[in-house]
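Source file: query-v8.cif (mmCIF, C-alpha atoms and all ligand atoms)
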data_entry
#
loop_
_atom_site.group_PDB
_atom_site.id
_atom_site.type_symbol
_atom_site.label_atom_id
_atom_site.label_comp_id
_atom_site.auth_asym_id
_atom_site.auth_seq_id
_atom_site.Cartn_x
_atom_site.Cartn_y
_atom_site.Cartn_z
ATOM 1 C CA MET V 1 -90.718 115.151 24.516
ATOM 2 C CA SER V 2 -89.655 111.514 24.378
ATOM 3 C CA ILE V 3 -86.162 110.448 25.389
ATOM 4 C CA LEU V 4 -85.568 109.070 21.911
ATOM 5 C CA LYS V 5 -86.514 112.352 20.230
ATOM 6 C CA ASN V 6 -84.204 114.169 22.659
ATOM 7 C CA ALA V 7 -81.373 111.810 21.753
ATOM 8 C CA VAL V 8 -81.821 112.365 18.014
ATOM 9 C CA ASP V 9 -82.066 116.162 18.453
ATOM 10 C CA SER V 10 -78.998 116.253 20.654
ATOM 11 C CA ILE V 11 -76.920 114.367 18.071
ATOM 12 C CA ALA V 12 -78.197 116.667 15.289
ATOM 13 C CA LEU V 13 -77.273 119.759 17.355
ATOM 14 C CA GLY V 14 -73.801 118.352 18.027
ATOM 15 C CA LEU V 15 -73.273 117.817 14.302
ATOM 16 C CA GLU V 16 -74.351 121.407 13.584
ATOM 17 C CA ASP V 17 -71.778 122.521 16.163
ATOM 18 C CA TYR V 18 -69.201 120.415 14.353
ATOM 19 C CA GLU V 19 -69.989 122.081 10.999
ATOM 20 C CA THR V 20 -69.715 125.583 12.498
ATOM 21 C CA SER V 21 -66.498 124.716 14.312
ATOM 22 C CA ILE V 22 -64.599 125.099 11.014
ATOM 23 C CA ALA V 23 -64.968 128.850 11.520
ATOM 24 C CA ASP V 24 -65.350 128.940 15.291
ATOM 25 C CA GLU V 25 -63.348 126.386 17.260
ATOM 26 C CA ARG V 26 -65.178 127.223 20.492
ATOM 27 C CA ARG V 27 -68.124 125.258 19.103
ATOM 28 C CA ILE V 28 -66.163 122.005 19.478
ATOM 29 C CA ILE V 29 -66.953 121.794 23.180
ATOM 30 C CA SER V 30 -70.696 122.043 22.568
ATOM 31 C CA CYS V 31 -70.286 119.546 19.718
ATOM 32 C CA THR V 32 -68.790 116.916 22.035
ATOM 33 C CA ARG V 33 -71.256 117.725 24.841
ATOM 34 C CA ASN V 34 -74.278 117.386 22.583
ATOM 35 C CA ILE V 35 -73.228 114.201 20.804
ATOM 36 C CA TYR V 36 -72.159 112.572 24.067
ATOM 37 C CA ALA V 37 -75.468 113.560 25.688
ATOM 38 C CA GLY V 38 -77.232 112.071 22.646
ATOM 39 C CA ILE V 39 -75.443 108.744 23.134
ATOM 40 C CA LEU V 40 -76.384 108.585 26.829
ATOM 41 C CA LEU V 41 -80.003 109.433 25.898
ATOM 42 C CA LEU V 42 -80.084 106.550 23.402
ATOM 43 C CA PHE V 43 -78.921 104.283 26.230
ATOM 44 C CA LYS V 44 -81.539 105.712 28.608
ATOM 45 C CA HIS V 45 -84.236 105.216 25.986
ATOM 46 C CA LYS V 46 -83.325 101.532 25.899
ATOM 47 C CA LEU V 47 -83.526 101.263 29.701
ATOM 48 C CA SER V 48 -86.782 103.202 29.751
ATOM 49 C CA SER V 49 -88.332 100.932 27.121
ATOM 50 C CA LEU V 50 -87.386 97.855 29.182
ATOM 51 C CA SER V 51 -88.908 99.242 32.397
ATOM 52 C CA ASP V 52 -92.231 97.757 33.470
ATOM 53 C CA PRO V 53 -95.066 100.312 32.872
ATOM 54 C CA ASN V 54 -96.017 100.337 36.603
ATOM 55 C CA THR V 55 -92.508 101.181 37.819
ATOM 56 C CA ASP V 56 -92.166 104.867 36.866
ATOM 57 C CA GLU V 57 -89.271 104.039 34.526
ATOM 58 C CA ALA V 58 -87.361 102.269 37.291
ATOM 59 C CA LEU V 59 -84.463 101.308 35.043
ATOM 60 C CA ILE V 60 -83.493 104.911 34.342
ATOM 61 C CA LYS V 61 -83.967 106.170 37.894
ATOM 62 C CA GLU V 62 -80.935 106.448 40.090
ATOM 63 C CA ARG V 63 -82.988 105.354 43.107
ATOM 64 C CA VAL V 64 -85.547 102.544 43.196
ATOM 65 C CA ASN V 65 -87.747 101.467 46.093
ATOM 66 C CA PRO V 66 -89.856 98.333 46.547
ATOM 67 C CA LYS V 67 -93.587 99.048 46.407
ATOM 68 C CA VAL V 68 -96.721 96.874 46.585
ATOM 69 C CA VAL V 69 -98.688 97.163 43.328
ATOM 70 C CA ASP V 70 -101.717 94.836 42.810
ATOM 71 C CA ASN V 71 -100.508 92.545 45.601
ATOM 72 C CA LYS V 72 -97.104 92.210 43.986
ATOM 73 C CA ILE V 73 -93.836 93.783 45.039
ATOM 74 C CA LEU V 74 -92.295 95.921 42.309
ATOM 75 C CA TRP V 75 -89.105 97.991 42.272
ATOM 76 C CA VAL V 76 -90.325 101.482 41.455
ATOM 77 C CA GLY V 77 -88.292 104.554 40.481
ATOM 78 C CA LYS V 78 -88.006 107.240 43.146
ATOM 79 C CA GLY V 79 -87.392 110.955 42.568
ATOM 80 C CA LYS V 80 -86.305 112.732 39.390
ATOM 81 C CA LYS V 81 -82.630 111.887 39.315
ATOM 82 C CA THR V 82 -81.768 109.593 36.413
ATOM 83 C CA VAL V 83 -78.918 107.142 35.921
ATOM 84 C CA ASP V 84 -75.394 108.422 35.185
ATOM 85 C CA TYR V 85 -72.645 106.865 33.081
ATOM 86 C CA GLN V 86 -71.615 104.323 35.741
ATOM 87 C CA ASN V 87 -75.226 103.356 36.582
ATOM 88 C CA ILE V 88 -75.960 102.788 32.874
ATOM 89 C CA LYS V 89 -72.878 100.610 32.560
ATOM 90 C CA ASP V 90 -73.848 98.524 35.615
ATOM 91 C CA ARG V 91 -77.439 98.086 34.437
ATOM 92 C CA PHE V 92 -76.435 97.181 30.889
ATOM 93 C CA GLU V 93 -74.029 94.593 32.263
ATOM 94 C CA SER V 94 -76.629 93.002 34.512
ATOM 95 C CA LEU V 95 -79.202 93.037 31.668
ATOM 96 C CA SER V 96 -76.640 91.575 29.195
ATOM 97 C CA ILE V 97 -76.940 94.560 26.845
ATOM 98 C CA ASN V 98 -73.629 94.493 25.012
ATOM 99 C CA VAL V 99 -71.930 97.678 23.924
ATOM 100 C CA ASP V 100 -68.272 98.390 23.240
ATOM 101 C CA TRP V 101 -67.305 99.954 26.602
ATOM 102 C CA ASN V 102 -63.671 100.439 25.573
ATOM 103 C CA ARG V 103 -64.774 102.715 22.760
ATOM 104 C CA ILE V 104 -67.306 104.471 24.990
ATOM 105 C CA ASN V 105 -64.646 105.048 27.668
ATOM 106 C CA LYS V 106 -62.430 106.547 24.979
ATOM 107 C CA ILE V 107 -65.279 108.852 23.894
ATOM 108 C CA ASN V 108 -65.915 109.863 27.499
ATOM 109 C CA ASP V 109 -62.206 110.521 28.189
ATOM 110 C CA TYR V 110 -61.805 112.702 25.114
ATOM 111 C CA ARG V 111 -64.923 114.699 25.980
ATOM 112 C CA ASN V 112 -63.550 115.263 29.463
ATOM 113 C CA ASN V 113 -60.029 116.105 28.267
ATOM 114 C CA ILE V 114 -61.211 118.599 25.665
ATOM 115 C CA GLU V 115 -62.923 120.565 28.429
ATOM 116 C CA HIS V 116 -60.103 120.358 30.953
ATOM 117 C CA TYR V 117 -56.721 119.399 29.531
ATOM 118 C CA PHE V 118 -56.141 119.924 25.827
ATOM 119 C CA SER V 119 -54.451 123.197 25.018
ATOM 120 C CA THR V 120 -55.947 123.402 21.543
ATOM 121 C CA SER V 121 -59.294 122.225 20.253
ATOM 122 C CA ARG V 122 -59.179 121.713 16.523
ATOM 123 C CA HIS V 123 -61.943 121.000 14.095
ATOM 124 C CA GLU V 124 -59.747 118.252 12.595
ATOM 125 C CA ALA V 125 -59.005 116.681 15.971
ATOM 126 C CA VAL V 126 -62.652 116.026 16.728
ATOM 127 C CA GLN V 127 -63.132 113.925 13.562
ATOM 128 C CA GLY V 128 -61.691 110.779 15.143
ATOM 129 C CA TRP V 129 -63.954 111.294 18.132
ATOM 130 C CA ILE V 130 -67.033 111.706 15.911
ATOM 131 C CA SER V 131 -65.993 108.591 14.020
ATOM 132 C CA ASP V 132 -65.893 106.575 17.269
ATOM 133 C CA SER V 133 -69.229 108.071 18.315
ATOM 134 C CA PHE V 134 -70.685 107.189 14.912
ATOM 135 C CA ILE V 135 -69.778 103.513 15.371
ATOM 136 C CA ILE V 136 -71.400 103.421 18.813
ATOM 137 C CA ILE V 137 -74.542 105.267 17.652
ATOM 138 C CA ARG V 138 -74.988 103.207 14.461
ATOM 139 C CA ASP V 139 -74.450 99.842 16.177
ATOM 140 C CA PHE V 140 -76.604 100.654 19.182
ATOM 141 C CA ILE V 141 -79.542 101.832 17.061
ATOM 142 C CA SER V 142 -79.459 98.790 14.807
ATOM 143 C CA GLU V 143 -78.496 96.097 17.323
ATOM 144 C CA GLN V 144 -80.260 97.244 20.493
ATOM 145 C CA LEU V 145 -83.091 99.455 19.275
ATOM 146 C CA LYS V 146 -83.686 97.358 16.148
ATOM 147 C CA GLU V 147 -84.173 100.445 14.003
ATOM 148 C CA ASP V 148 -82.566 101.722 10.829
ATOM 149 C CA PRO V 149 -80.034 104.350 11.983
ATOM 150 C CA LYS V 150 -80.453 106.445 8.835
ATOM 151 C CA ASP V 151 -84.242 106.620 9.280
ATOM 152 C CA LEU V 152 -84.044 107.331 12.985
ATOM 153 C CA LEU V 153 -81.328 110.026 12.809
ATOM 154 C CA GLY V 154 -82.571 111.667 9.615
ATOM 155 C CA SER V 155 -80.579 111.907 6.442
ATOM 156 C CA ASP V 156 -78.748 115.181 7.345
ATOM 157 C CA SER V 157 -77.215 113.750 10.512
ATOM 158 C CA TRP V 158 -76.593 110.413 8.853
ATOM 159 C CA THR V 159 -74.788 111.936 5.857
ATOM 160 C CA THR V 160 -72.553 114.089 8.068
ATOM 161 C CA LEU V 161 -71.676 111.150 10.349
ATOM 162 C CA VAL V 162 -70.821 108.852 7.458
ATOM 163 C CA ALA V 163 -68.766 111.549 5.707
ATOM 164 C CA VAL V 164 -66.716 112.409 8.820
ATOM 165 C CA HIS V 165 -66.216 108.730 9.571
ATOM 166 C CA GLU V 166 -64.966 107.981 6.045
ATOM 167 C CA VAL V 167 -62.576 110.955 5.919
ATOM 168 C CA TYR V 168 -61.176 110.028 9.312
ATOM 169 C CA GLU V 169 -60.784 106.324 8.428
ATOM 170 C CA ARG V 170 -58.857 107.223 5.254
ATOM 171 C CA GLU V 171 -56.549 109.615 7.095
ATOM 172 C CA LYS V 172 -56.016 107.113 9.906
ATOM 173 C CA ALA V 173 -55.146 104.405 7.356
ATOM 174 C CA ASP V 174 -52.575 106.775 5.768
ATOM 175 C CA CYS V 175 -50.998 107.503 9.155
ATOM 176 C CA THR V 176 -50.881 103.800 10.060
ATOM 177 C CA SER V 177 -49.312 102.722 6.777
ATOM 178 C CA SER V 178 -46.646 105.419 7.008
ATOM 179 C CA LEU V 179 -45.816 104.367 10.586
ATOM 180 C CA GLU V 180 -45.499 100.792 9.288
ATOM 181 C CA THR V 181 -42.626 101.808 6.984
ATOM 182 C CA LEU V 182 -40.463 102.629 10.027
ATOM 183 C CA GLY V 183 -38.198 100.210 11.863
ATOM 184 C CA PHE V 184 -39.398 99.658 15.443
ATOM 185 C CA PHE V 185 -37.664 97.622 18.188
ATOM 186 C CA SER V 186 -40.853 95.512 18.347
ATOM 187 C CA GLU V 187 -44.392 95.216 16.895
ATOM 188 C CA THR V 188 -45.825 96.234 20.269
ATOM 189 C CA ILE V 189 -44.174 99.641 19.959
ATOM 190 C CA LEU V 190 -45.627 100.125 16.468
ATOM 191 C CA ASP V 191 -49.103 99.234 17.832
ATOM 192 C CA ALA V 192 -48.624 101.710 20.679
ATOM 193 C CA PHE V 193 -47.684 104.480 18.198
ATOM 194 C CA VAL V 194 -50.727 103.674 16.035
ATOM 195 C CA SER V 195 -53.075 104.102 19.003
ATOM 196 C CA TYR V 196 -51.263 107.079 20.544
ATOM 197 C CA SER V 197 -53.171 110.388 20.761
ATOM 198 C CA CYS V 198 -51.608 113.851 20.607
ATOM 199 C CA LYS V 199 -51.360 115.314 24.108
ATOM 200 C CA GLU V 200 -52.112 118.822 22.812
ATOM 201 C CA CYS V 201 -55.341 118.178 20.916
ATOM 202 C CA GLY V 202 -56.326 114.517 21.384
ATOM 203 C CA SER V 203 -56.122 113.489 17.718
ATOM 204 C CA ASP V 204 -54.646 110.060 16.977
ATOM 205 C CA LEU V 205 -53.623 111.100 13.451
ATOM 206 C CA ILE V 206 -49.890 110.917 14.137
ATOM 207 C CA TYR V 207 -47.500 110.269 11.243
ATOM 208 C CA PRO V 208 -43.716 110.280 10.718
ATOM 209 C CA ASP V 209 -42.207 113.216 8.796
ATOM 210 C CA GLU V 210 -40.182 110.801 6.632
ATOM 211 C CA LEU V 211 -40.801 107.211 5.560
ATOM 212 C CA ASN V 212 -38.554 104.110 5.712
ATOM 213 C CA LYS V 213 -36.329 105.262 8.568
ATOM 214 C CA GLU V 214 -35.566 103.912 12.021
ATOM 215 C CA ALA V 215 -38.409 105.007 14.319
ATOM 216 C CA ILE V 216 -35.925 106.117 16.978
ATOM 217 C CA GLU V 217 -34.430 108.646 14.511
ATOM 218 C CA SER V 218 -37.807 109.913 13.302
ATOM 219 C CA GLN V 219 -39.905 112.956 14.047
ATOM 220 C CA PHE V 220 -43.663 112.564 14.395
ATOM 221 C CA VAL V 221 -46.306 115.111 13.428
ATOM 222 C CA CYS V 222 -49.906 115.517 14.593
ATOM 223 C CA LYS V 223 -52.042 115.985 11.485
ATOM 224 C CA ALA V 224 -54.690 117.938 13.397
ATOM 225 C CA CYS V 225 -52.573 120.547 15.208
ATOM 226 C CA ASP V 226 -49.133 120.229 13.514
ATOM 227 C CA VAL V 227 -47.217 119.723 16.763
ATOM 228 C CA THR V 228 -43.990 117.752 16.227
ATOM 229 C CA TYR V 229 -42.780 115.071 18.620
ATOM 230 C CA SER V 230 -39.506 113.164 18.890
ATOM 231 C CA TYR V 231 -39.514 109.371 19.312
ATOM 232 C CA GLU V 232 -38.565 109.752 23.003
ATOM 233 C CA GLU V 233 -41.470 112.121 23.657
ATOM 234 C CA ILE V 234 -44.034 109.604 22.421
ATOM 235 C CA VAL V 235 -42.653 106.145 23.139
ATOM 236 C CA SER V 236 -42.908 105.711 26.916
ATOM 237 C CA PRO V 237 -46.306 107.422 27.351
ATOM 238 C CA ALA V 238 -47.590 105.443 24.326
ATOM 239 C CA ILE V 239 -46.444 102.136 25.856
ATOM 240 C CA GLU V 240 -47.975 103.109 29.222
ATOM 241 C CA ASP V 241 -51.316 103.860 27.506
ATOM 242 C CA HIS V 242 -51.075 100.623 25.512
ATOM 243 C CA TYR V 243 -50.639 98.527 28.664
ATOM 244 C CA TYR V 244 -52.875 100.643 30.876
ATOM 245 C CA ALA V 245 -55.440 97.899 31.579
ATOM 246 C CA GLU V 246 -52.847 95.159 32.253
ATOM 247 C CA THR V 247 -50.754 97.415 34.499
ATOM 248 C CA TYR V 248 -53.867 98.371 36.450
ATOM 249 C CA LEU V 249 -54.853 94.709 36.918
ATOM 250 C CA ALA V 250 -51.323 93.757 37.991
ATOM 251 C CA MET V 251 -51.413 96.514 40.592
ATOM 252 C CA LYS V 252 -54.880 95.540 41.808
ATOM 253 C CA ASP V 253 -54.588 91.732 41.831
ATOM 254 C CA GLY V 254 -50.840 91.308 42.211
ATOM 255 C CA GLY V 255 -48.700 89.700 39.512
ATOM 256 C CA ASP V 256 -46.019 91.090 37.257
ATOM 257 C CA SER V 257 -46.520 94.385 35.501
ATOM 258 C CA PRO V 258 -46.001 94.118 31.706
ATOM 259 C CA ILE V 259 -43.727 97.161 31.804
ATOM 260 C CA ALA V 260 -40.822 98.070 34.048
ATOM 261 C CA ASP V 261 -38.627 101.153 34.415
ATOM 262 C CA CYS V 262 -35.652 100.639 32.125
ATOM 263 C CA PRO V 263 -32.494 100.277 34.255
ATOM 264 C CA PHE V 264 -30.469 102.005 31.512
ATOM 265 C CA CYS V 265 -32.590 105.020 30.540
ATOM 266 C CA GLY V 266 -35.632 105.059 32.867
ATOM 267 C CA GLY V 267 -38.048 104.639 29.920
ATOM 268 C CA ALA V 268 -40.739 101.956 29.467
ATOM 269 C CA TYR V 269 -39.108 98.508 29.424
ATOM 270 C CA LEU V 270 -41.138 95.684 27.809
ATOM 271 C CA TYR V 271 -40.644 92.891 30.322
ATOM 272 C CA GLU V 272 -42.066 89.985 28.245
ATOM 273 C CA GLU V 273 -40.152 91.039 25.142
ATOM 274 C CA LYS V 274 -36.974 91.753 27.143
ATOM 275 C CA ILE V 275 -36.304 95.083 25.495
ATOM 276 C CA CYS V 276 -36.577 98.754 26.364
ATOM 277 C CA ALA V 277 -39.044 100.542 24.079
ATOM 278 C CA GLU V 278 -37.143 103.802 24.491
ATOM 279 C CA CYS V 279 -33.416 102.950 24.213
ATOM 280 C CA GLY V 280 -33.572 99.404 22.785
ATOM 281 C CA GLU V 281 -31.293 97.944 25.511
ATOM 282 C CA SER V 282 -31.924 94.502 27.029
ATOM 283 C CA ALA V 283 -31.366 93.714 30.701
ATOM 284 C CA VAL V 284 -30.366 90.303 32.071
ATOM 285 C CA HIS V 285 -33.554 88.448 33.105
ATOM 286 C CA GLU V 286 -32.015 85.426 34.868
ATOM 287 C CA CYS V 287 -29.937 85.953 38.003
ATOM 288 C CA GLU V 288 -26.320 84.931 37.462
ATOM 289 C CA LEU V 289 -25.969 83.662 41.043
ATOM 290 C CA CYS V 290 -29.197 81.890 41.993
ATOM 291 C CA GLY V 291 -30.610 81.268 38.510
ATOM 292 C CA ASN V 292 -34.053 82.682 39.382
ATOM 293 C CA ASP V 293 -36.018 84.933 37.055
ATOM 294 C CA ILE V 294 -35.473 88.552 37.936
ATOM 295 C CA PRO V 295 -38.896 90.249 38.457
ATOM 296 C CA PRO V 296 -39.635 93.517 36.608
ATOM 297 C CA GLU V 297 -39.035 95.766 39.609
ATOM 298 C CA GLU V 298 -35.570 94.202 40.242
ATOM 299 C CA LEU V 299 -34.116 94.522 36.722
ATOM 300 C CA SER V 300 -30.828 96.378 36.880
ATOM 301 C CA GLU V 301 -27.729 97.201 34.865
ATOM 302 C CA ASP V 302 -25.967 94.140 36.304
ATOM 303 C CA SER V 303 -27.047 90.501 36.244
ATOM 304 C CA LEU V 304 -28.276 89.767 39.773
ATOM 305 C CA CYS V 305 -31.708 89.552 41.317
ATOM 306 C CA GLY V 306 -32.534 91.970 44.142
ATOM 307 C CA CYS V 307 -31.849 89.403 46.840
ATOM 308 C CA CYS V 308 -28.447 88.275 45.527
ATOM 309 C CA SER V 309 -27.368 91.825 44.857
ATOM 310 C CA HIS V 310 -28.283 92.677 48.489
ATOM 311 C CA ILE V 311 -26.192 89.741 49.776
ATOM 312 C CA MET V 312 -23.252 90.666 47.523
ATOM 313 C CA SER V 313 -23.306 94.283 48.696
ATOM 314 C CA LYS V 314 -23.191 93.065 52.344
ATOM 315 C CA ASN V 315 -20.147 90.902 51.559
ATOM 316 C CA ASP V 316 -18.277 93.808 49.974
HETATM 317 ZN ZN ZN V 401 -52.455 117.463 17.960
HETATM 318 ZN ZN ZN V 402 -34.043 102.167 28.117
HETATM 319 ZN ZN ZN V 403 -30.353 85.763 42.554
#

Please express the file's structure as structure tokens.
Amino acid sequence: MSILKNAVDSIALGLEDYETSIADERRIISCTRNIYAGILLLFKHKLSSLSDPNTDEALIKERVNPKVVDNKILWVGKGKKTVDYQNIKDRFESLSINVDWNRINKINDYRNNIEHYFSTSRHEAVQGWISDSFIIIRDFISEQLKEDPKDLLGSDSWTTLVAVHEVYEREKADCTSSLETLGFFSETILDAFVSYSCKECGSDLIYPDELNKEAIESQFVCKACDVTYSYEEIVSPAIEDHYYAETYLAMKDGGDSPIADCPFCGGAYLYEEKICAECGESAVHECELCGNDIPPEELSEDSLCGCCSHIMSKND
């Protein structure tokens, strides 16, 4: 069976699992496994179709060896083991095949979390995940495989994907517009709430129980599993997720982290915006003694940088 046929079948199976998961939530795990496998197979099909015919599908083989074929040296696939997620990513990057890796990472994380971390798996919670998968599948088939996604997937799979995607988009838009009625300390915090996912089930359909209030006084509900969160329970993890990439780069390459530990409450402090996302307090950013900027890790309840505060404590 061809890789492409396998990919299409795997996606169709995953969607059948999704339909049955209304009655049997255990089917959600096979739903995410099958659809995710289908996506990777679409990617492998692309790599396979780009491999030179004499190379035993070198581009999808984990190992390749140089071999003399007709007096030319070719890189030829070795063994049965095929490329994994990271190999596919590396090869796509070096072949300039563009896909939305942020969205694919999100899909991969959810699939992993649903098997290992989430305490509940809900039919409703998987809709956002299918919607993200739909965007990847549709765009990859039309942009990279140059085929019509509806024709390739078949109308049953296509109709289900479009329907789930549209329902999810509408519900997400409702959640976002109700979050927008709240008063937040800053726009960044609103953005972080909009992209926050429920830690119990992974759904990002989080909405406030009442409109037009201060966010800090609000309760937040997960539409998929009905768990309720306070502002404090969501805000710091949401900000950490929001700045995950920047914080990682700052740690790796040096430079200031975009978030600090709030000197007043210990929550996530937005260094650029000079405000704590959790308690709304602002620390002094310029040292009262030496006039230097106080770096994120030296912010404190008083108005001195780490160095001056050390000197002052010695003089006491
Ligand atoms: Zn939930
Ligand atoms: Zn604080
Ligand atoms: Zn100072």

Name the residues that the PyMOL selection byres (((not hetatm)) within 6 of (chain V and resi 403)) pulls out of this structure, and write them as an NGL selection string. :V and (287 or 289-290 or 292 or 304-305 or 307-308)

Just C-alpha atoms for this one: save the residues we selected as a PDB file, in the frame of the given file.
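Result written to part_14.pdb:
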ATOM      1  CA  CYS V 287     -29.937  85.953  38.003  1.00  0.00           C
ATOM      2  CA  LEU V 289     -25.969  83.662  41.043  1.00  0.00           C
ATOM      3  CA  CYS V 290     -29.197  81.890  41.993  1.00  0.00           C
ATOM      4  CA  ASN V 292     -34.053  82.682  39.382  1.00  0.00           C
ATOM      5  CA  LEU V 304     -28.276  89.767  39.773  1.00  0.00           C
ATOM      6  CA  CYS V 305     -31.708  89.552  41.317  1.00  0.00           C
ATOM      7  CA  CYS V 307     -31.849  89.403  46.840  1.00  0.00           C
ATOM      8  CA  CYS V 308     -28.447  88.275  45.527  1.00  0.00           C
TER       9      CYS V 308
END

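Across the model, the gap from atom CA of V:Gly128 to atom CA of V:Asp100 is 16.2 Å.
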
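With all atoms listed in the file as the atoms that count, the residue of V:Asp253, V:Glu210, V:Glu297, V:Glu232 with the shortest distance to ligand ZN 402 (chain V) is V:Glu232.
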
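When only C-alpha atoms and all ligand atoms are used to measure the gap to ligand ZN 402 (chain V), the shortest distance among V:Asn102, V:Glu301, V:Glu278, V:Pro295 belongs to V:Glu278.
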
Enumerate as a ChimeraX atom specification the residues within 12 Å of ligand ZN 401 (chain V), counting all atoms listed in the file. /V:114,118-126,128,196-207,220-229

Kindly save the residues from that selection, with C-alpha atoms included, as a PDB file, in the frame of the given file.
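And here is the file that came out, out.pdb:
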ATOM      1  CA  ILE V 114     -61.211 118.599  25.665  1.00  0.00           C
ATOM      2  CA  PHE V 118     -56.141 119.924  25.827  1.00  0.00           C
ATOM      3  CA  SER V 119     -54.451 123.197  25.018  1.00  0.00           C
ATOM      4  CA  THR V 120     -55.947 123.402  21.543  1.00  0.00           C
ATOM      5  CA  SER V 121     -59.294 122.225  20.253  1.00  0.00           C
ATOM      6  CA  ARG V 122     -59.179 121.713  16.523  1.00  0.00           C
ATOM      7  CA  HIS V 123     -61.943 121.000  14.095  1.00  0.00           C
ATOM      8  CA  GLU V 124     -59.747 118.252  12.595  1.00  0.00           C
ATOM      9  CA  ALA V 125     -59.005 116.681  15.971  1.00  0.00           C
ATOM     10  CA  VAL V 126     -62.652 116.026  16.728  1.00  0.00           C
ATOM     11  CA  GLY V 128     -61.691 110.779  15.143  1.00  0.00           C
ATOM     12  CA  TYR V 196     -51.263 107.079  20.544  1.00  0.00           C
ATOM     13  CA  SER V 197     -53.171 110.388  20.761  1.00  0.00           C
ATOM     14  CA  CYS V 198     -51.608 113.851  20.607  1.00  0.00           C
ATOM     15  CA  LYS V 199     -51.360 115.314  24.108  1.00  0.00           C
ATOM     16  CA  GLU V 200     -52.112 118.822  22.812  1.00  0.00           C
ATOM     17  CA  CYS V 201     -55.341 118.178  20.916  1.00  0.00           C
ATOM     18  CA  GLY V 202     -56.326 114.517  21.384  1.00  0.00           C
ATOM     19  CA  SER V 203     -56.122 113.489  17.718  1.00  0.00           C
ATOM     20  CA  ASP V 204     -54.646 110.060  16.977  1.00  0.00           C
ATOM     21  CA  LEU V 205     -53.623 111.100  13.451  1.00  0.00           C
ATOM     22  CA  ILE V 206     -49.890 110.917  14.137  1.00  0.00           C
ATOM     23  CA  TYR V 207     -47.500 110.269  11.243  1.00  0.00           C
ATOM     24  CA  PHE V 220     -43.663 112.564  14.395  1.00  0.00           C
ATOM     25  CA  VAL V 221     -46.306 115.111  13.428  1.00  0.00           C
ATOM     26  CA  CYS V 222     -49.906 115.517  14.593  1.00  0.00           C
ATOM     27  CA  LYS V 223     -52.042 115.985  11.485  1.00  0.00           C
ATOM     28  CA  ALA V 224     -54.690 117.938  13.397  1.00  0.00           C
ATOM     29  CA  CYS V 225     -52.573 120.547  15.208  1.00  0.00           C
ATOM     30  CA  ASP V 226     -49.133 120.229  13.514  1.00  0.00           C
ATOM     31  CA  VAL V 227     -47.217 119.723  16.763  1.00  0.00           C
ATOM     32  CA  THR V 228     -43.990 117.752  16.227  1.00  0.00           C
ATOM     33  CA  TYR V 229     -42.780 115.071  18.620  1.00  0.00           C
TER      34      TYR V 229
END

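With all atoms listed in the file as the basis for measurement, V:Tyr231 is the residue among V:Trp129, V:Tyr85, V:Tyr231, V:Tyr244 that approaches V:Ala277 most closely.
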
Would you please work out which residue, of V:Glu57, V:Glu62, V:Asp191, V:Asp84, is nearest to V:Ala37 when using only C-alpha atoms? V:Asp84

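Distances from V:Ser2, V:Ile97, V:Val64, V:Ile130 to V:Asn34 were compared using all atoms listed in the file, and the smallest one belongs to V:Ile130.
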
Could you tell me, counting only C-alpha atoms and all ligand atoms, which protein and nucleic acid residues lie no more than 6 Å from ligand ZN 402 (chain V), written as a list in words? Cys262, Phe264, Cys265, Gly266, Gly267, Cys276, Glu278, Cys279 and Glu281 of chain V

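Shortest atom-to-atom contact with V:Asp241 among V:Lys44, V:Leu299, V:Lys146, V:Lys106: V:Lys106, counting only C-alpha atoms.
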
Give me the residues within 8 Å of V:Leu15 as an mmCIF file with C-alpha atoms, in the frame of the given file, counting all atoms listed in the file and dropping any in the same chain fewer than 5 places off.
data_model
loop_
_atom_site.group_PDB
_atom_site.id
_atom_site.type_symbol
_atom_site.label_atom_id
_atom_site.label_comp_id
_atom_site.auth_asym_id
_atom_site.auth_seq_id
_atom_site.Cartn_x
_atom_site.Cartn_y
_atom_site.Cartn_z
ATOM 1 C CA CYS V 31 -70.286 119.546 19.718
ATOM 2 C CA ILE V 35 -73.228 114.201 20.804
ATOM 3 C CA SER V 157 -77.215 113.750 10.512
ATOM 4 C CA THR V 160 -72.553 114.089 8.068
ATOM 5 C CA LEU V 161 -71.676 111.150 10.349
#

State, in Å with one decimal place, the distance from atom CA of V:Ala163 to atom CA of V:Ile137. 14.7 Å

Quick check, in Å to one decimal: how far apart do atom CA of V:Arg103 and atom CA of V:Val194 lie? 15.6 Å

Shell around V:Arg138 at 9 Å using only C-alpha atoms, local window under 6 positions removed, as a compact mmCIF listing (two decimals) with C-alpha atoms, keeping the file's coordinate frame:
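Written output follows (out14.txt):
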# COMPACT_ATOMS: atom_id res chain seq x y z
CA ASP V 148 -82.57 101.72 10.83
CA PRO V 149 -80.03 104.35 11.98
CA LYS V 150 -80.45 106.44 8.84

Show me, as a PyMOL selection string, the residues that have an atom within 10 Å of V:Ala58 when counting all atoms listed in the file, minus same-chain residues fewer than 2 positions from it. chain V and resi 47-48+50-56+60-65+74-78+82-83

With all atoms listed in the file as the counted atoms, please give the residues lying no more than 12 Å from V:Ser186, apart from itself and same-chain residues fewer than 3 positions off, as a VMD selection string. chain V and resid 180 182 to 183 189 to 193 214 to 216 235 239 269 to 270 272 to 278 280

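Selection by the PyMOL selection byres (((chain V and resi 27) around 10) and not hetatm) on the present file picks out Gly14, Glu16, Asp17, Tyr18, Glu19, Thr20, Ser21, Ile22, Ala23, Asp24, Glu25, Arg26, Ile28, Ile29, Ser30, Cys31, Thr32, Arg33, Ser121, Arg122 and His123 of chain V.
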